[in-house]
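Colleague: Dropping a structure here in structure tokens format, bear with me for questions.
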Amino acid sequence: MNAVLMMLAMAMAMSLAVYSAEDKYEFSTPERAATFKELTHELRCPKCQNQNIADSDAIVAKDLRDKVVTLVHDGKSKQEVIDYMIDRYGYFVHYQPPVTPATIILWVLPILIVIIGFGFIVFRQKKASRKQNWSTDDEKKLAKLIAQYQRKEQQ
Amino acid sequence: MNKKFLAIIPFLIFMFLCVFLYQGLFGNPRELQTGRIGQTMPSFVLPDLMDEGKLWTNTDLLGDVYLLNVWGTWCPTCIAELGYLEQLREQGVRIIGLYYEQAYDPDFGDHFDIDALRTEVKTMLKRAGSPYQFNILDLERTLALDLGVSGAPETFLVDKEGKILLHHTGDINPRVWRAKFAPVIQELSQ
Amino acid sequence: MIPEIGYFSLVLAMALSLLLCIFPMWGAYTGNLRLMRAAPSLAVGQCLFVLVSFAILIYITLMDDFTVAYVAHHSSTSLPWYYKVTSTWGGHEGAILLWLVMQSSWTALVAMMSNSLPWVLRARVLGVLGFLGVGFMLYTLWMSSPFERLLPYYPVEGRDLNPLLQDPGMIIHPPLLYMGYVGLSVSFAFAIAALLTGKLDNTWAKWSRPWTMVAWGFLTLGITIGSWWAYSELGWGGWWFWDPVENASLMPWLVATALLHSLASTEKRGIFKSWTVLLAITAFSLCLLGTFIVRSGIIVSVHAFATDPDRGLFILSFLLVVVGGSLALYAMRVSEVKSEGRYKLLSREVTLWANNIFLVVATLIVLLGTLLPMIHKELGLGSISIGVPFFNQMFAILIVPFALLLGIAPFLRWKQNKPSPLVKKVVGLAASSLLLTAVWLYGSYDTVSALTFVATALAVWITLGALLDIFEKVSVEKQLLHGFKRQSLSYWAMILGHVGIAFVIAGVTLTSAYSVERSVSVKPGDIALLNEYQYRFEGVKEIRGPNYSGHAGVVTVLKGEKKVTELYAEKRLYDVGMQFMTEAAIDDGFFRDLYLALGEQLSNGYWSLRIYHKPYVRWMWLGGLLISFAGFLVVADRRYRKRTHNKKMDGVTA
């Protein structure tokens, strides 16, 4: 572990000293870089078939990417950038659907099915194990029946 | 009874789903509803396509209902709709062009040749139809982004107070005009 | 002339299929054995004619017969021969023909391998398969014939195969997927035949199980290869995007997985009877629904297939008849079924129920997420998108209880278990999983998020659970080898499948959490650093392929002073379509992939280059392979072969 870190530091120092590739998008903090990455993966290219703006080569995807860079540079939070885009391109532009009376089904229905399903399991199991109840009364009844049967056979 | 009812649920769900699937066949999945409808025109200061000395702002456009048509000479569908747009102009519709330049991208070190573009636009308008009162040049596509434009052609209908009433993606043809634009314009004129 | 023979051959196949669906069904209904006995030969016959038709399509593609529209649109003279062959399923019409080939081959296979079945059941199974065959053949002949001509004006050169599809992954991906879909139609046919016969006992489950397992194995393999193809071919290192087309294959997989488990319970314990039938119907219905979604163009997807409302209408009608019909039949027949079997709350039965609930909920999430945007818009509520963030979030929640259950699943016996030894085991397992995960993750990374830790721990938990169970079962015997041999192949299949899931979970989690990427602009000699690797850009060289030209960015990868590899990230321009394609360069490894994609040429000799470091990404596909292998393993199980022998006797007496 330490060796890796050491090597990494050395390599970094070396590459900085000699020559380094230029990043296409540079950010002041790693948090901002992470926000940018998340945003470009969650925002949808409005012109494309079904691609996010990180993977699309369409001109509008590039424009949106550049806008995201500017907004993130300005210190806007992830949600602020998303709102900015939704304001212009509608809910379509974000891959996370808004919670509205119509879309609430997306969350409610799965939860409901889980609840109903587990309710059903317990119900079924109760029913199934009830059959299994084998009281001493039953035992006596069975013994009687067997005795009857045996008597019949002997006759 | 109870069990019979449970057993028919899958069938009912499926039939319900089929209604939507059937409807879906006749819808256009690419048609979008964007965020700017019902809001006022975003503010901007952009030059005229033919004269960079002339600057247009959002307030210059107020006072009359107009169509804002996003187009570019690189886009064949835009050229195709110029003829019909010219007819609309002759019927008294005020049409303003928003020139959407696709090729310009400073990352590629492109040199933008405004004079070449102007000649191209002039010949194109002469050939295919000239519907525009004037054209706004949105070289860096900032107004386009503020309007939620994703490509060309797209057309906005804006009222006297600068409120955006319609946003249409794709070309304008007699069918789209009658179905989408004409009713709204009629309502405005009443 | 030859294409017309292909078309005509398909007409004959449809005629035979029609007979296959009418005669045996009628025979089974009236008890006429002679009519039922016609089924196997009809099934084999229709298969032969479909194969002839497909062979002809391959032949005319190899001969560059551009008078045929399909060949002109999907092939070209410069296309290498193997891609010419695969171009026969690169477009819509050919893909449906390939589906037909699979459908009729499976039908013939069922006909040949089912001689141990009672005739009433066998005839009905084949009859249902014949009906499905007729539907697809009618569609091909009427709506999407690949033999249509472009006469009298035909091109001298074809439009070439979409470059995205010119990849080995694409050669095998669609056939595997179709094998899975069509295989599920066999499970479907068994379920319908059982409903028609009115005997929903565990015998149909016994017969249906090996077929379902194989179908599921193919489906798993198809999805895995599809994901790998997207990763290596689309050029941005993605492996799953929750695109409608991907969802369309995932939904049948989820239901088929539920079906497998529920079939096991029905076969061994006589429980879940009606539920199993419903799952068998649903699994195949979702295959058809997926086809509808993909082929009708009602939903925007990255995979743009030619769309045509008439075609969509046909598939929808077919869907309505097949799915609507079978669900109606289900509603009529199933209420007569009674489940027997007694079990306690802490039993394998209950865990399998829970497994089924989670899988069904997962399917529901995918289905809702795929269809709701369309419905939302139809209701006039505007456009919304449902994608990666939503699905990831929902699945991240769902996987926790599912994986917890999966870890203890092997220990649980049927009927009931004593809680105290189980609790001991669970506590021991949980503690060692947490410990192992902590050592693993904190040993290799500086930051570990809670989510990553939990998900990785779950994967470890499943694996340890499986290992512990193997140990306990094997160590019963004195000799280790004996112990291993004593376990049935089904047991090993279960273990493999579960460990496969663990690999998928670990792969997905770790590659999502620790993948890093850089987008850089470089000129020759520049070095970019990412994690412990240095990437030295050596420059760009011209390349020339059989039907494309382009550039390859040469990059030397160094680790410290040591050279790891040299990679060629290509940007290709295909001659015919003039399409650009990014051909990523990948240095694959068990623990990490290095992934390079060449971007555009910038000014002053700079190129843009994207570098990805993706740890553990292969584990995901390795998991997929293990799972699909589990599906194939069950078929080799002696139990099934033996059983079919026994059934031969039953079949005669029945």
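Quick note on naming: the chains in the structure tokens go A, B, ... in the order shown, residues restart at 1 in each chain, and ligands are numbered from 1 in order of appearance.
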Could you pull out all residues of stretch 49-180 of chain B with a DSSP call of strand (DSSP E) and give them as a ChimeraX atom specification?
Modeller: /B:55-57,66-71,95-100,135-138,154-158,164-169
Colleague: With C-alpha atoms retained, export the selected residues as a compact mmCIF listing (two decimals), in the first residue's frame.
Modeller:
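Wrote it out as out_0.txt, contents follow:
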# COMPACT_ATOMS: atom_id res chain seq x y z
CA LEU B 55 -27.72 44.73 -31.67
CA TRP B 56 -31.05 43.14 -30.84
CA THR B 57 -32.41 42.72 -27.32
CA TYR B 66 -44.17 36.71 -33.72
CA LEU B 67 -42.64 33.39 -34.64
CA LEU B 68 -39.02 32.81 -33.69
CA ASN B 69 -37.64 30.32 -36.16
CA VAL B 70 -34.36 28.57 -35.29
CA TRP B 71 -32.55 27.64 -38.45
CA ILE B 95 -41.25 35.78 -38.48
CA ILE B 96 -37.88 36.42 -36.91
CA GLY B 97 -34.96 34.12 -37.57
CA LEU B 98 -32.58 32.89 -34.92
CA TYR B 99 -29.52 31.78 -36.79
CA TYR B 100 -28.12 28.61 -35.17
CA ASN B 135 -32.17 37.36 -38.39
CA ILE B 136 -30.44 37.26 -35.04
CA LEU B 137 -27.02 35.64 -35.02
CA ASP B 138 -26.56 33.35 -32.04
CA GLU B 154 -37.44 24.68 -34.07
CA THR B 155 -40.06 27.38 -33.83
CA PHE B 156 -41.44 29.42 -30.95
CA LEU B 157 -44.66 31.38 -30.89
CA VAL B 158 -44.32 34.50 -28.72
CA ILE B 164 -43.66 32.03 -25.05
CA LEU B 165 -46.81 30.17 -26.05
CA LEU B 166 -45.54 27.32 -28.20
CA HIS B 167 -42.32 25.48 -28.83
CA HIS B 168 -42.32 23.25 -31.86
CA THR B 169 -39.45 20.91 -32.74
Colleague: Tell me, as a PyMOL selection string, which residues lie within 7 Å of stretch 82-92 of chain B, counting only C-alpha atoms; anything in the same chain fewer than 6 positions away does not count.
Modeller: chain B and resi 128-131+173
Colleague: Tell me as an NGL selection string which residues belonging to chain A come within 12 Å of chain B, counting only C-alpha atoms.
Modeller: :A and (24-25 or 44-50 or 53 or 58-68 or 83-94)
Colleague: Keeping only C-alpha atoms, write the selected residues as a PDB file, in the first residue's frame.
Modeller:
ATOM      1  CA  LYS A  24     -10.178  19.049 -21.057  1.00  0.00           C
ATOM      2  CA  TYR A  25     -12.158  20.134 -18.037  1.00  0.00           C
ATOM      3  CA  ARG A  44     -29.948  13.630 -21.041  1.00  0.00           C
ATOM      4  CA  CYS A  45     -29.020  14.871 -24.475  1.00  0.00           C
ATOM      5  CA  PRO A  46     -32.313  16.282 -25.773  1.00  0.00           C
ATOM      6  CA  LYS A  47     -31.481  15.728 -29.423  1.00  0.00           C
ATOM      7  CA  CYS A  48     -30.151  12.176 -29.237  1.00  0.00           C
ATOM      8  CA  GLN A  49     -31.856   8.810 -29.200  1.00  0.00           C
ATOM      9  CA  ASN A  50     -31.105   7.932 -25.605  1.00  0.00           C
ATOM     10  CA  ILE A  53     -24.522  14.444 -22.359  1.00  0.00           C
ATOM     11  CA  ALA A  58     -24.175  16.009 -30.634  1.00  0.00           C
ATOM     12  CA  ILE A  59     -23.600  19.751 -30.674  1.00  0.00           C
ATOM     13  CA  VAL A  60     -26.332  20.414 -28.120  1.00  0.00           C
ATOM     14  CA  ALA A  61     -24.789  17.859 -25.759  1.00  0.00           C
ATOM     15  CA  LYS A  62     -21.519  19.729 -26.033  1.00  0.00           C
ATOM     16  CA  ASP A  63     -23.243  23.032 -25.345  1.00  0.00           C
ATOM     17  CA  LEU A  64     -24.937  21.606 -22.284  1.00  0.00           C
ATOM     18  CA  ARG A  65     -21.647  20.117 -21.107  1.00  0.00           C
ATOM     19  CA  ASP A  66     -19.932  23.487 -21.452  1.00  0.00           C
ATOM     20  CA  LYS A  67     -22.796  25.156 -19.610  1.00  0.00           C
ATOM     21  CA  VAL A  68     -22.502  22.627 -16.797  1.00  0.00           C
ATOM     22  CA  ASP A  83     -32.945  23.009 -11.956  1.00  0.00           C
ATOM     23  CA  TYR A  84     -31.283  25.358 -14.417  1.00  0.00           C
ATOM     24  CA  MET A  85     -31.465  22.728 -17.127  1.00  0.00           C
ATOM     25  CA  ILE A  86     -35.017  21.618 -16.315  1.00  0.00           C
ATOM     26  CA  ASP A  87     -36.051  25.267 -16.444  1.00  0.00           C
ATOM     27  CA  ARG A  88     -34.949  25.345 -20.083  1.00  0.00           C
ATOM     28  CA  TYR A  89     -35.361  21.819 -21.402  1.00  0.00           C
ATOM     29  CA  GLY A  90     -38.107  20.430 -19.190  1.00  0.00           C
ATOM     30  CA  TYR A  91     -38.063  17.326 -17.006  1.00  0.00           C
ATOM     31  CA  PHE A  92     -37.002  15.331 -20.026  1.00  0.00           C
ATOM     32  CA  VAL A  93     -33.433  16.517 -19.600  1.00  0.00           C
ATOM     33  CA  HIS A  94     -32.901  14.762 -16.264  1.00  0.00           C
TER      34      HIS A  94
END
Colleague: Can you list, as a count of residues only, every protein, DNA or RNA residue that comes within 7 Å of stretch 252-265 of chain C when you count only C-alpha atoms, leaving out same-chain residues fewer than 2 positions away?
Modeller: 25
Colleague: Taking only C-alpha atoms into account, which residues of chain C are within 8 Å of chain A, as a VMD selection string?
Modeller: chain C and resid 236 243 300 to 304 340 to 345 350 353 to 354 357 to 358 361 to 362 364 to 365 368 to 369 372 376 383 to 390 443 to 444 518 to 523 526 to 529 531 to 532 534 560
Colleague: Run DSSP on the backbone of this structure and report the residues of chain A it assigns to alpha helix (DSSP H), as a PyMOL selection string.
Modeller: chain A and resi 2-18+30-42+59-73+78-89+105-132+136-154
Colleague: Can you work out the spacing between atom CA of C:Pro421 and atom CA of C:Gly500 in Å, to one decimal?
Modeller: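 Pair atom CA of C:Pro421 / atom CA of C:Gly500 returns 26.6 Å.
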Colleague: Select all residues from chain C having any atom no more than 10 Å from an atom of chain B (counting only C-alpha atoms, ignoring ligands), output as a VMD selection string.
Modeller: chain C and resid 274 to 275 278 282 285 289 292 to 293 296 to 301 307 to 313 316 to 317 319 to 320 323 to 337 371 to 379 381 to 384 600 to 604 606
Colleague: Using only C-alpha atoms for the distances, tell me which of C:Ile22, C:Val576, C:Val71, C:Leu79 is nearest to C:Ala123.
Modeller: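 Comparing C:Ile22, C:Val576, C:Val71, C:Leu79 against C:Ala123, the winner is C:Ile22.
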Colleague: Using Å and a single decimal, report how far atom CA of C:Phe590 sits from atom CA of C:Val540.
Modeller: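 Straight-line distance from atom CA of C:Val540 to atom CA of C:Phe590 works out to 28.8 Å.
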